[in-house]
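S.K.: Input coords28.txt, format and content: compact mmCIF, C-alpha atoms and all ligand atoms.
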```txt
# COMPACT_ATOMS: atom_id res chain seq x y z
CA MET A 1 142.96 21.92 -120.31
CA ASP A 2 144.12 24.99 -118.53
CA THR A 3 142.23 27.09 -116.03
CA VAL A 4 143.02 29.60 -113.35
CA SER A 5 142.51 28.45 -109.78
CA GLN A 6 139.19 29.84 -108.59
CA GLN A 7 139.17 28.08 -105.25
CA SER A 8 138.21 30.75 -102.72
CA ASN A 9 138.11 29.01 -99.34
CA ASN A 10 134.56 30.29 -98.82
CA VAL A 11 135.70 33.56 -97.31
CA GLU A 12 133.00 36.21 -97.50
CA ILE A 13 132.71 39.89 -96.86
CA ASP A 14 131.46 40.34 -93.31
CA GLU A 15 128.53 42.78 -93.54
CA ASP A 16 128.65 43.72 -89.84
CA ARG A 17 132.30 44.58 -90.15
CA GLN A 18 131.62 46.57 -93.35
CA GLN A 19 129.11 48.61 -91.37
CA LYS A 20 131.79 49.21 -88.74
CA ALA A 21 134.40 49.94 -91.40
CA ARG A 22 132.29 52.73 -92.87
CA GLU A 23 131.65 54.15 -89.43
CA TYR A 24 135.34 53.98 -88.51
CA ALA A 25 136.44 55.64 -91.77
CA ARG A 26 133.86 58.40 -91.25
CA LYS A 27 135.09 59.09 -87.72
CA ARG A 28 138.72 59.14 -88.81
CA ARG A 29 137.94 61.57 -91.62
CA ARG A 30 136.03 63.82 -89.27
CA LEU A 31 139.05 63.86 -86.94
CA SER A 32 141.40 64.88 -89.72
CA TYR A 33 139.03 67.68 -90.77
CA ILE A 34 139.00 68.96 -87.18
CA ASP A 35 142.80 68.69 -87.09
CA MET A 36 143.08 70.70 -90.31
CA GLY A 37 140.59 73.25 -89.00
CA ILE A 38 142.63 73.76 -85.83
CA ALA A 39 145.84 74.18 -87.83
CA ALA A 40 144.16 76.69 -90.17
CA VAL A 41 142.63 78.72 -87.32
CA GLY A 42 145.96 78.60 -85.46
CA ILE A 43 147.93 79.95 -88.40
CA ILE A 44 145.35 82.66 -89.18
CA PHE A 45 145.51 83.68 -85.52
CA VAL A 46 149.32 83.88 -85.73
CA PHE A 47 149.06 86.21 -88.76
CA LEU A 48 146.29 88.45 -87.44
CA SER A 49 147.80 88.82 -83.98
CA GLY A 50 151.24 89.59 -85.43
CA LEU A 51 152.67 86.73 -83.39
CA ASP A 52 154.87 85.69 -86.32
CA ILE A 53 156.72 89.02 -86.19
CA ALA A 54 156.63 89.27 -82.39
CA LEU A 55 158.21 85.86 -81.95
CA ARG A 56 161.04 86.78 -84.33
CA ASN A 57 161.68 90.01 -82.43
CA TRP A 58 161.67 88.13 -79.17
CA LEU A 59 164.29 85.73 -80.55
CA HIS A 60 166.49 88.64 -81.63
CA PRO A 61 169.18 87.90 -78.98
CA LEU A 62 169.92 84.55 -80.69
CA ALA A 63 172.09 86.37 -83.17
CA TRP A 64 174.71 83.76 -84.06
CA GLN A 65 175.11 84.05 -87.82
CA PRO A 66 177.60 81.61 -89.36
CA VAL A 67 176.48 82.66 -92.86
CA ALA A 68 175.09 86.11 -93.70
CA GLY A 69 171.31 85.99 -93.22
CA TRP A 70 171.17 82.54 -91.61
CA TYR A 71 170.38 82.44 -87.87
CA PRO A 72 170.36 78.72 -86.97
CA TRP A 73 169.31 79.21 -83.32
CA GLN A 74 166.45 81.52 -84.22
CA VAL A 75 165.27 79.04 -86.84
CA LEU A 76 165.46 76.12 -84.42
CA VAL A 77 163.65 77.81 -81.52
CA TYR A 78 161.01 79.35 -83.81
CA PHE A 79 160.38 75.92 -85.32
CA LEU A 80 160.14 74.21 -81.92
CA VAL A 81 157.71 76.82 -80.58
CA LEU A 82 155.41 76.40 -83.60
CA MET A 83 155.55 72.60 -83.72
CA LEU A 84 155.31 71.97 -79.99
CA GLY A 85 152.48 74.51 -79.72
CA TYR A 86 150.61 72.64 -82.44
CA GLN A 87 151.33 69.24 -80.84
CA VAL A 88 150.11 70.39 -77.42
CA ILE A 89 146.91 71.94 -78.81
CA THR A 90 146.07 68.88 -80.89
CA SER A 91 147.17 66.30 -78.29
CA PRO A 92 143.56 65.42 -77.29
CA LEU A 93 142.86 64.65 -80.95
CA ALA A 94 146.04 62.58 -81.24
CA TYR A 95 145.02 60.60 -78.16
CA TYR A 96 141.45 60.06 -79.35
CA GLY A 97 142.40 59.18 -82.93
CA GLY A 98 145.53 57.22 -82.16
CA PHE A 99 144.51 55.37 -79.02
CA VAL A 100 140.81 55.54 -78.08
CA LEU A 101 139.26 54.99 -81.49
CA PRO A 102 141.42 52.04 -82.64
CA HIS A 103 140.76 50.35 -79.29
CA ARG A 104 137.04 50.94 -79.55
CA TYR A 105 137.06 49.23 -82.94
CA GLY A 106 139.28 46.38 -81.76
CA LEU A 107 142.15 47.35 -84.01
CA SER A 108 144.82 48.26 -81.49
CA THR A 109 146.57 45.89 -79.10
CA MET A 110 148.73 48.58 -77.50
CA THR A 111 148.78 49.57 -73.85
CA LEU A 112 148.61 53.28 -73.12
CA ARG A 113 152.22 53.12 -71.97
CA SER A 114 153.55 51.55 -75.17
CA TRP A 115 151.40 53.90 -77.25
CA LEU A 116 152.87 56.91 -75.43
CA ILE A 117 156.41 55.58 -75.87
CA ASP A 118 155.84 55.22 -79.62
CA LEU A 119 154.27 58.66 -79.76
CA PHE A 120 157.32 60.27 -78.17
CA LYS A 121 159.77 58.29 -80.26
CA GLY A 122 157.92 59.34 -83.41
CA LEU A 123 157.67 62.94 -82.25
CA ILE A 124 161.38 63.23 -81.48
CA LEU A 125 162.40 61.51 -84.68
CA GLY A 126 160.06 63.77 -86.67
CA LEU A 127 161.26 66.94 -84.95
CA VAL A 128 164.93 66.10 -85.52
CA LEU A 129 164.47 65.32 -89.22
CA GLU A 130 162.15 68.27 -89.82
CA ALA A 131 164.47 70.65 -87.96
CA LEU A 132 167.33 69.56 -90.23
CA VAL A 133 165.23 70.24 -93.33
CA ILE A 134 164.04 73.62 -92.00
CA GLU A 135 167.61 74.71 -91.18
CA LEU A 136 168.66 73.69 -94.66
CA ILE A 137 165.80 75.66 -96.23
CA TYR A 138 166.67 78.83 -94.30
CA LEU A 139 170.36 78.45 -95.10
CA LEU A 140 169.55 78.21 -98.81
CA LEU A 141 167.03 81.08 -98.59
CA ALA A 142 169.91 83.18 -97.24
CA VAL A 143 172.59 82.18 -99.73
CA GLN A 144 170.56 81.30 -102.85
CA PRO A 145 167.44 83.51 -102.74
CA GLN A 146 166.64 82.88 -106.43
CA MET A 147 167.46 79.18 -106.79
CA TRP A 148 166.94 77.88 -103.23
CA TRP A 149 163.82 75.91 -104.23
CA LEU A 150 165.75 73.88 -106.81
CA TRP A 151 168.54 73.09 -104.33
CA VAL A 152 166.03 72.09 -101.66
CA ALA A 153 164.24 69.79 -104.11
CA ILE A 154 167.52 68.13 -105.11
CA ILE A 155 168.68 67.70 -101.51
CA LEU A 156 165.24 66.40 -100.45
CA LEU A 157 165.40 63.85 -103.25
CA LEU A 158 168.80 62.61 -102.02
CA PHE A 159 167.52 62.65 -98.44
CA THR A 160 164.45 60.59 -99.43
CA VAL A 161 166.63 58.02 -101.20
CA VAL A 162 168.89 57.70 -98.16
CA MET A 163 165.88 57.44 -95.81
CA ALA A 164 164.21 54.82 -98.01
CA ASN A 165 167.43 52.84 -97.83
CA LEU A 166 167.86 53.23 -94.06
CA ALA A 167 164.21 52.96 -92.97
CA PRO A 168 164.03 49.15 -92.77
CA VAL A 169 167.31 48.85 -90.86
CA LEU A 170 167.40 52.03 -88.79
CA ILE A 171 163.96 53.63 -88.42
CA LEU A 172 161.32 50.90 -88.44
CA PRO A 173 163.17 48.66 -85.93
CA LEU A 174 162.66 51.50 -83.43
CA PHE A 175 158.95 50.64 -83.56
CA TYR A 176 158.68 47.01 -84.69
CA LYS A 177 160.56 43.77 -84.25
CA PHE A 178 161.67 42.07 -87.47
CA THR A 179 162.73 38.48 -87.87
CA PRO A 180 163.64 36.56 -91.04
CA LEU A 181 160.75 34.44 -92.30
CA PRO A 182 161.47 30.92 -91.02
CA GLU A 183 162.64 28.33 -93.54
CA GLY A 184 159.76 26.28 -94.82
CA GLU A 185 156.86 26.04 -97.19
CA LEU A 186 156.30 29.79 -97.56
CA THR A 187 159.93 30.73 -98.05
CA ARG A 188 160.29 27.94 -100.60
CA ARG A 189 157.21 29.14 -102.48
CA LEU A 190 158.33 32.72 -102.50
CA LEU A 191 161.78 31.87 -103.77
CA ALA A 192 160.22 29.77 -106.53
CA LEU A 193 157.94 32.69 -107.40
CA ALA A 194 160.87 35.13 -107.43
CA GLU A 195 162.91 32.77 -109.58
CA ARG A 196 160.11 32.40 -112.11
CA SER A 197 159.89 36.19 -112.45
CA HIS A 198 163.69 36.59 -112.49
CA ALA A 199 163.50 38.92 -109.51
CA ARG A 200 166.24 39.03 -106.95
CA VAL A 201 164.84 39.25 -103.45
CA ARG A 202 167.26 40.11 -100.70
CA GLY A 203 165.15 38.70 -97.95
CA VAL A 204 161.72 38.10 -96.55
CA PHE A 205 161.04 39.28 -93.03
CA THR A 206 158.24 38.93 -90.55
CA MET A 207 157.22 42.20 -88.98
CA HIS A 208 155.76 41.77 -85.51
CA LEU A 209 152.67 43.88 -86.04
CA SER A 210 150.66 41.92 -83.49
CA SER A 211 152.36 43.79 -80.65
CA LYS A 212 150.50 46.91 -81.83
CA THR A 213 147.60 46.03 -84.04
CA THR A 214 145.20 43.30 -85.07
CA ALA A 215 145.45 44.42 -88.71
CA ALA A 216 147.40 42.59 -91.37
CA ASN A 217 149.77 44.10 -93.88
CA ALA A 218 152.65 43.33 -96.16
CA ALA A 219 155.10 45.61 -97.89
CA LEU A 220 158.12 46.01 -100.09
CA MET A 221 160.66 48.10 -98.21
CA GLY A 222 164.10 49.53 -98.62
CA LEU A 223 166.30 50.42 -101.56
CA GLY A 224 169.44 48.77 -102.86
CA ASN A 225 171.13 46.63 -100.26
CA THR A 226 168.23 46.94 -97.76
CA ARG A 227 165.43 45.95 -100.17
CA ARG A 228 163.15 43.31 -98.67
CA ILE A 229 159.64 41.95 -98.58
CA VAL A 230 158.00 42.30 -95.21
CA LEU A 231 155.03 40.27 -94.02
CA GLY A 232 153.02 41.13 -90.90
CA ASP A 233 152.84 38.32 -88.36
CA THR A 234 149.12 39.14 -88.17
CA MET A 235 148.85 37.55 -91.60
CA LEU A 236 150.99 34.46 -91.10
CA ASP A 237 148.64 32.59 -88.80
CA ARG A 238 145.30 33.44 -90.41
CA TYR A 239 145.87 33.17 -94.14
CA THR A 240 146.35 30.08 -96.25
CA PRO A 241 149.76 29.59 -97.93
CA ASP A 242 148.07 30.32 -101.28
CA GLU A 243 146.71 33.60 -100.01
CA ILE A 244 150.08 34.60 -98.57
CA GLU A 245 151.78 33.65 -101.81
CA VAL A 246 149.45 35.95 -103.75
CA VAL A 247 150.14 38.79 -101.31
CA LEU A 248 153.87 38.18 -101.66
CA ALA A 249 153.48 38.11 -105.44
CA HIS A 250 151.83 41.53 -105.21
CA GLU A 251 154.85 42.83 -103.27
CA LEU A 252 157.17 41.17 -105.76
CA GLY A 253 155.25 43.04 -108.45
CA HIS A 254 156.23 46.33 -106.76
CA HIS A 255 159.81 45.14 -106.85
CA VAL A 256 159.73 44.08 -110.50
CA HIS A 257 158.05 47.37 -111.49
CA HIS A 258 160.59 49.48 -109.51
CA ASP A 259 157.67 51.11 -107.71
CA ILE A 260 159.66 52.58 -104.83
CA TRP A 261 161.67 54.54 -107.37
CA LYS A 262 158.52 55.57 -109.24
CA LEU A 263 157.01 56.88 -106.01
CA ILE A 264 160.19 58.72 -105.02
CA ILE A 265 160.54 60.34 -108.45
CA SER A 266 156.87 61.34 -108.78
CA GLN A 267 156.89 62.71 -105.23
CA SER A 268 160.02 64.70 -106.05
CA VAL A 269 158.43 66.24 -109.13
CA LEU A 270 155.38 67.30 -107.08
CA THR A 271 157.68 68.66 -104.36
CA LEU A 272 159.66 70.63 -106.95
CA GLY A 273 156.47 72.20 -108.27
CA SER A 274 155.29 73.08 -104.76
CA LEU A 275 158.66 74.59 -103.83
CA TYR A 276 158.67 76.70 -106.98
CA LEU A 277 155.22 78.11 -106.14
CA LEU A 278 156.39 78.67 -102.57
CA ASN A 279 159.34 80.61 -103.98
CA LEU A 280 157.01 82.90 -105.96
CA ALA A 281 154.79 83.42 -102.91
CA LEU A 282 157.78 84.27 -100.69
CA HIS A 283 159.23 86.78 -103.14
CA TRP A 284 155.82 88.39 -103.42
CA ALA A 285 155.41 88.69 -99.64
CA VAL A 286 158.91 90.10 -99.15
CA GLU A 287 159.41 92.28 -102.23
CA THR A 288 155.88 93.48 -102.98
CA GLN A 289 154.21 93.42 -99.58
CA HIS A 290 157.34 94.13 -97.48
CA TYR A 291 155.80 92.03 -94.75
CA TYR A 292 159.09 90.30 -93.87
CA LEU A 293 162.66 91.64 -93.61
CA SER A 294 164.03 89.16 -96.13
CA LEU A 295 163.40 85.69 -97.55
CA SER A 296 165.42 84.12 -94.74
CA ASP A 297 163.59 86.07 -92.01
CA VAL A 298 162.39 83.36 -89.55
CA ALA A 299 159.04 85.14 -89.30
CA THR A 300 158.23 83.63 -92.72
CA MET A 301 157.92 80.20 -91.09
CA PRO A 302 154.14 80.22 -90.39
CA TYR A 303 153.60 81.48 -93.97
CA ILE A 304 155.80 78.68 -95.34
CA PHE A 305 153.96 76.09 -93.22
CA LEU A 306 150.56 77.36 -94.34
CA LEU A 307 151.48 77.24 -98.03
CA THR A 308 153.16 73.85 -97.64
CA ALA A 309 150.01 72.48 -96.04
CA VAL A 310 147.80 73.91 -98.81
CA PHE A 311 150.09 72.47 -101.53
CA GLY A 312 150.11 69.16 -99.64
CA LEU A 313 146.30 69.04 -99.80
CA ILE A 314 146.32 69.79 -103.53
CA VAL A 315 149.03 67.21 -104.22
CA LEU A 316 147.47 64.45 -102.09
CA PRO A 317 144.82 63.30 -104.60
CA ILE A 318 147.47 63.33 -107.36
CA SER A 319 149.92 61.13 -105.46
CA ASN A 320 147.07 58.91 -104.26
CA GLY A 321 145.95 58.50 -107.88
CA LEU A 322 149.45 57.48 -108.95
CA SER A 323 149.65 55.08 -106.05
CA ARG A 324 146.33 53.44 -107.01
CA VAL A 325 147.64 52.88 -110.55
CA ILE A 326 150.85 51.32 -109.20
CA GLU A 327 148.84 49.12 -106.79
CA SER A 328 146.53 47.95 -109.53
CA GLN A 329 149.56 47.01 -111.65
CA ALA A 330 151.01 45.04 -108.72
CA ASP A 331 147.66 43.21 -108.42
CA GLU A 332 147.82 42.39 -112.12
CA TYR A 333 151.35 41.10 -111.63
CA ALA A 334 150.25 38.93 -108.69
CA LEU A 335 147.40 37.45 -110.73
CA GLN A 336 149.61 36.78 -113.75
CA ALA A 337 152.45 35.31 -111.70
CA THR A 338 150.31 32.98 -109.58
CA LYS A 339 147.11 32.51 -111.64
CA MET A 340 145.39 32.02 -108.26
CA VAL A 341 142.30 34.18 -108.68
CA GLY A 342 140.46 32.46 -105.85
CA ALA A 343 143.29 32.92 -103.37
CA PHE A 344 143.70 36.54 -104.47
CA LYS A 345 140.04 37.24 -103.83
CA SER A 346 139.91 35.46 -100.49
CA ALA A 347 143.09 37.26 -99.35
CA MET A 348 141.49 40.62 -100.27
CA ILE A 349 138.27 39.72 -98.48
CA ARG A 350 140.16 38.58 -95.39
CA LEU A 351 142.15 41.82 -95.38
CA ALA A 352 139.00 43.93 -95.67
CA ASN A 353 137.35 42.01 -92.83
CA GLN A 354 140.41 42.04 -90.63
CA ASN A 355 141.54 45.63 -91.22
CA LEU A 356 138.08 47.19 -91.21
CA SER A 357 138.47 48.65 -94.68
CA ASP A 358 135.44 49.93 -96.53
CA ILE A 359 135.28 47.89 -99.76
CA GLU A 360 133.17 50.44 -101.62
CA PRO A 361 133.92 54.01 -100.57
CA SER A 362 132.29 56.80 -102.57
CA ARG A 363 134.15 57.91 -105.70
CA LEU A 364 135.05 61.23 -104.16
CA ILE A 365 136.47 59.63 -101.00
CA GLU A 366 138.48 57.18 -103.08
CA PHE A 367 139.79 59.98 -105.29
CA LEU A 368 140.85 62.12 -102.33
CA PHE A 369 142.10 59.72 -99.69
CA HIS A 370 142.74 56.17 -100.94
CA ASP A 371 146.24 55.15 -101.96
CA HIS A 372 145.03 51.63 -102.83
CA PRO A 373 142.08 50.71 -105.02
CA PRO A 374 139.16 49.77 -102.75
CA VAL A 375 138.79 46.01 -102.19
CA GLY A 376 135.58 45.99 -104.26
CA LYS A 377 137.56 47.13 -107.31
CA ARG A 378 140.40 44.71 -106.60
CA LEU A 379 137.91 41.83 -106.53
CA LYS A 380 136.46 43.00 -109.83
CA HIS A 381 139.97 43.20 -111.25
CA ALA A 382 140.51 39.54 -110.30
CA ASP A 383 137.27 38.50 -112.00
CA GLU A 384 138.23 40.40 -115.14
CA PHE A 385 141.62 38.73 -115.08
CA ALA A 386 139.96 35.30 -114.85
CA GLU A 387 137.80 36.10 -117.89
CA ARG A 388 140.71 37.50 -119.86
CA TYR A 389 142.86 34.54 -118.93
CA ALA A 390 140.21 31.98 -119.82
CA PHE A 391 139.82 33.71 -123.18
CA ASN A 392 143.58 33.75 -123.83
CA ALA A 393 143.92 30.16 -122.69
CA SER A 394 141.25 29.10 -125.15
CA ILE A 395 143.27 30.50 -128.07
CA SER A 396 146.69 29.45 -126.80
CA ALA A 397 147.37 25.95 -125.55
CA GLU A 398 150.48 26.68 -123.53
CA SER A 399 150.35 27.96 -119.97
CA LEU A 400 151.34 27.48 -116.36
CA PRO A 401 149.62 24.80 -114.33
CA PRO A 402 147.43 26.21 -111.58
CA THR A 403 148.50 25.75 -107.99
CA SER A 404 145.94 24.90 -105.40
CA SER A 405 145.53 25.06 -101.67
CA THR A 406 145.23 22.27 -99.16
CA GLU A 407 144.91 24.55 -96.16
CA PRO A 408 141.68 24.90 -94.25
CA PRO A 409 140.12 28.37 -94.28
CA GLY A 410 141.70 30.75 -91.78
CA ILE A 411 140.17 32.08 -88.63
CA GLU A 412 137.77 35.00 -88.88
CA SER A 413 139.35 38.29 -88.35
CA SER A 414 139.71 41.25 -86.13
CA GLY A 415 140.94 44.56 -87.62
CA SER A 416 143.12 47.95 -88.20
CA SER A 417 143.99 51.31 -89.50
CA THR A 418 146.09 50.48 -92.54
CA PRO A 419 144.25 49.37 -95.66
CA GLU A 420 145.11 46.26 -97.67
CA ALA A 421 148.50 44.93 -98.56
CA ALA A 422 150.68 47.98 -99.07
CA HIS A 423 153.82 48.81 -100.96
ZN ZN A 501 150.97 47.23 -102.97
```
Starting from the coordinates I provided, produce the structure as structure tokens.
Ligand SMILES: [Zn+2]
M.R.:
Amino acid sequence: MDTVSQQSNNVEIDEDRQQKAREYARKRRRLSYIDMGIAAVGIIFVFLSGLDIALRNWLHPLAWQPVAGWYPWQVLVYFLVLMLGYQVITSPLAYYGGFVLPHRYGLSTMTLRSWLIDLFKGLILGLVLEALVIELIYLLLAVQPQMWWLWVAIILLLFTVVMANLAPVLILPLFYKFTPLPEGELTRRLLALAERSHARVRGVFTMHLSSKTTAANAALMGLGNTRRIVLGDTMLDRYTPDEIEVVLAHELGHHVHHDIWKLIISQSVLTLGSLYLLNLALHWAVETQHYYLSLSDVATMPYIFLLTAVFGLIVLPISNGLSRVIESQADEYALQATKMVGAFKSAMIRLANQNLSDIEPSRLIEFLFHDHPPVGKRLKHADEFAERYAFNASISAESLPPTSSTEPPGIESSGSSTPEAAH
């Protein structure tokens, strides 16, 4: 006799928390609409007032020109004025959305001080990396006005690969503490799981999420020599070993399916398309409208930002859709590798309760904003797997023995901003 393990530890969707989850998601969406509105009004104001041209004229004295048409100081100062202006104007929103709201919903464990420190670290890191990319774009606009978009796409692809490799060792430790998962039951189980699927795992790490959030998460991170599975400490103490094993199996699924590469490549294709359209729009503005002096005129920056933001909005549902497919495949992998349908379902339910994620968002909201299938669909997927598996088992005698849990059900949750177990 062969069956899948349906034991579910009696974990149920918490209706009060679902109510809160819907409310929280609604408030967060409203905030991002306001944020977008401010950015749109700001950029339109810059165009109508002629501030884009005025700022370039004002920066005229910064005339150092190492390559014909490329003014690195003008580009840098122009960029900083735009970005810092935007950050200052939207800082009340950042404070409300990043600090007040998560505290009100019991998702954040950060003090104002540590939140501000993270905010500044993130801001500086972002400004440095973005400034490098912007300088590169303007350099290529000056020297390769026809093919700059292709060069930028290629360099961005290389840059993304390098960042994906360095993130777990260089970037994320700036914000979180990582420690190797202690030797023991879980490590043993994971290694057995990895061995069964012939996957080489370089390491499993605990990420100390609890210093910032009450939410749980797990992820596959890194590329090449830095590839690792990361498990939030907010999961370790509240989930049964079976549930954690299923979550780890999901992450292992990402590894086996080469999902980080799939995401990098698909993102690069979308970026290439956006850059090509941006190229057409820039040539039109310069050559037909004569609004700017040349392609590499720094005054094009607000125009480039506006178009990039519009393309980003168009591309978002596409990349979210791809991500949902990849996530669903990782779920399928986790179910096949462990056969623990019950533990899968209870882990999903615990995550939804703990992280305040809406298990059944509207179709439109899912299509636009969700990079994981909603928990409701993931539960349904598990049920379908159980049916499929029972059917297959009835026609084939051979199969893996089910594992089962001896752990008592975990403690009821608190919550967060990130949905489900992630990449
Ligand atoms: Zn995932």
S.K.: Please identify all protein, DNA and RNA residues within 10 Å of ligand ZN 501 (chain A), counting all atoms listed in the file, and report them as a VMD selection string.
M.R.: chain A and resid 217 to 220 247 to 255 259 323 to 324 326 to 331 371 to 373 420 to 423
S.K.: Given the selection you just returned, output its residues as a file containing C-alpha atoms, formatted as a short mmCIF file (atom, residue, chain, number, x, y, z; two decimals), keeping the file's coordinate frame.
M.R.:
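Saved result, result-v8.cif, follows:
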```
data_model
loop_
_atom_site.label_atom_id
_atom_site.label_comp_id
_atom_site.auth_asym_id
_atom_site.auth_seq_id
_atom_site.Cartn_x
_atom_site.Cartn_y
_atom_site.Cartn_z
CA ASN A 217 149.77 44.10 -93.88
CA ALA A 218 152.65 43.33 -96.16
CA ALA A 219 155.10 45.61 -97.89
CA LEU A 220 158.12 46.01 -100.09
CA VAL A 247 150.14 38.79 -101.31
CA LEU A 248 153.87 38.18 -101.66
CA ALA A 249 153.48 38.11 -105.44
CA HIS A 250 151.83 41.53 -105.21
CA GLU A 251 154.85 42.83 -103.27
CA LEU A 252 157.17 41.17 -105.76
CA GLY A 253 155.25 43.04 -108.45
CA HIS A 254 156.23 46.33 -106.76
CA HIS A 255 159.81 45.14 -106.85
CA ASP A 259 157.67 51.11 -107.71
CA SER A 323 149.65 55.08 -106.05
CA ARG A 324 146.33 53.44 -107.01
CA ILE A 326 150.85 51.32 -109.20
CA GLU A 327 148.84 49.12 -106.79
CA SER A 328 146.53 47.95 -109.53
CA GLN A 329 149.56 47.01 -111.65
CA ALA A 330 151.01 45.04 -108.72
CA ASP A 331 147.66 43.21 -108.42
CA ASP A 371 146.24 55.15 -101.96
CA HIS A 372 145.03 51.63 -102.83
CA PRO A 373 142.08 50.71 -105.02
CA GLU A 420 145.11 46.26 -97.67
CA ALA A 421 148.50 44.93 -98.56
CA ALA A 422 150.68 47.98 -99.07
CA HIS A 423 153.82 48.81 -100.96
#
```
S.K.: For atom CA of A:Leu141 and atom CA of A:Leu293, determine how far apart the two atoms are, in Å to one decimal place.
M.R.: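 Separation between atom CA of A:Leu141 and atom CA of A:Leu293: 12.5 Å.
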S.K.: For a test of reading the model, state the distance in Å between atom CA of A:Leu263 and atom CA of A:Arg388, rounded to one decimal.
M.R.: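 That distance, rounded to one decimal, is 28.9 Å.
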S.K.: So, with all atoms listed in the file as the atoms that count, which of A:Ala215, A:Val341, A:Leu307, A:Leu59 lies closest to A:Ser357?
M.R.: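 Using all atoms listed in the file, A:Ser357 sits closest to A:Ala215.
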S.K.: Using all atoms listed in the file, collect all residues at a distance of at most 8 Å from (142.8, 40.4, -99.4) as written in the file, then present them as a list of chain:residue names.
M.R.: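 All residues meeting the 8 Å criterion around (142.8, 40.4, -99.4) are A:Glu243, A:Val247, A:Phe344, A:Lys345, A:Ser346, A:Ala347, A:Met348, A:Ile349, A:Arg350, A:Leu351, A:Ala352, A:Val375, A:Glu420, A:Ala421.
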S.K.: Taking only C-alpha atoms into account, which of A:Leu193, A:Leu80, A:Ile155, A:Val11 comes nearest A:Glu130?
M.R.: A:Leu80
S.K.: Which residue out of A:Met301, A:Leu368, A:Leu181, A:Ala142 has the minimum interatomic distance to A:Pro66 when all atoms listed in the file are used?
M.R.: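 Counting all atoms listed in the file, the residue closest to A:Pro66 is A:Ala142.
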S.K.: Using all atoms listed in the file, find the one residue out of A:Ile38, A:Val133, A:Ala25, A:Leu364 that sits nearest to A:Gly321.
M.R.: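 That would be A:Leu364, the residue with the smallest distance to A:Gly321.
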S.K.: Quick one: residues within 8 Å of A:Ser211, only C-alpha atoms counted, chain neighbours fewer than 3 positions away excluded, as a compact mmCIF listing (two decimals) with C-alpha atoms, keeping the file's coordinate frame?
M.R.:
```txt
# COMPACT_ATOMS: atom_id res chain seq x y z
CA THR A 109 146.57 45.89 -79.10
CA MET A 110 148.73 48.58 -77.50
CA HIS A 208 155.76 41.77 -85.51
```
S.K.: Rank nothing, just name the residue among A:Arg238, A:Val162, A:Leu280, A:Gly37 nearest to A:Gly224, using only C-alpha atoms.
M.R.: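 Of the candidates, the smallest distance to A:Gly224 is held by A:Val162.
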S.K.: Mind pulling up the distance from atom CA of A:Val128 to atom CA of A:Phe175?
M.R.: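 Distance reported for this atom pair: 16.7 Å.
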S.K.: Using all atoms listed in the file, list the residues that have an atom at most 10 Å from (147.3, 72.3, -95.1), coordinates as in the file, as a PDB file with C-alpha atoms, keeping the file's coordinate frame.
M.R.:
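Generated output (result-v7.pdb):
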```pdb
ATOM      1  CA  ASP A  35     142.800  68.690 -87.090  1.00  0.00           C
ATOM      2  CA  MET A  36     143.080  70.700 -90.310  1.00  0.00           C
ATOM      3  CA  GLY A  37     140.590  73.250 -89.000  1.00  0.00           C
ATOM      4  CA  ALA A  39     145.840  74.180 -87.830  1.00  0.00           C
ATOM      5  CA  ALA A  40     144.160  76.690 -90.170  1.00  0.00           C
ATOM      6  CA  PHE A 305     153.960  76.090 -93.220  1.00  0.00           C
ATOM      7  CA  LEU A 306     150.560  77.360 -94.340  1.00  0.00           C
ATOM      8  CA  LEU A 307     151.480  77.240 -98.030  1.00  0.00           C
ATOM      9  CA  THR A 308     153.160  73.850 -97.640  1.00  0.00           C
ATOM     10  CA  ALA A 309     150.010  72.480 -96.040  1.00  0.00           C
ATOM     11  CA  VAL A 310     147.800  73.910 -98.810  1.00  0.00           C
ATOM     12  CA  PHE A 311     150.090  72.470-101.530  1.00  0.00           C
ATOM     13  CA  GLY A 312     150.110  69.160 -99.640  1.00  0.00           C
ATOM     14  CA  LEU A 313     146.300  69.040 -99.800  1.00  0.00           C
ATOM     15  CA  ILE A 314     146.320  69.790-103.530  1.00  0.00           C
TER      16      ILE A 314
END
```
S.K.: A:Ser49, A:Pro241, A:Ala63, A:Gly342: which is nearest A:Gly184, counting only C-alpha atoms?
M.R.: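 Looking only at the distances to A:Gly184, the closest residue turns out to be A:Pro241.
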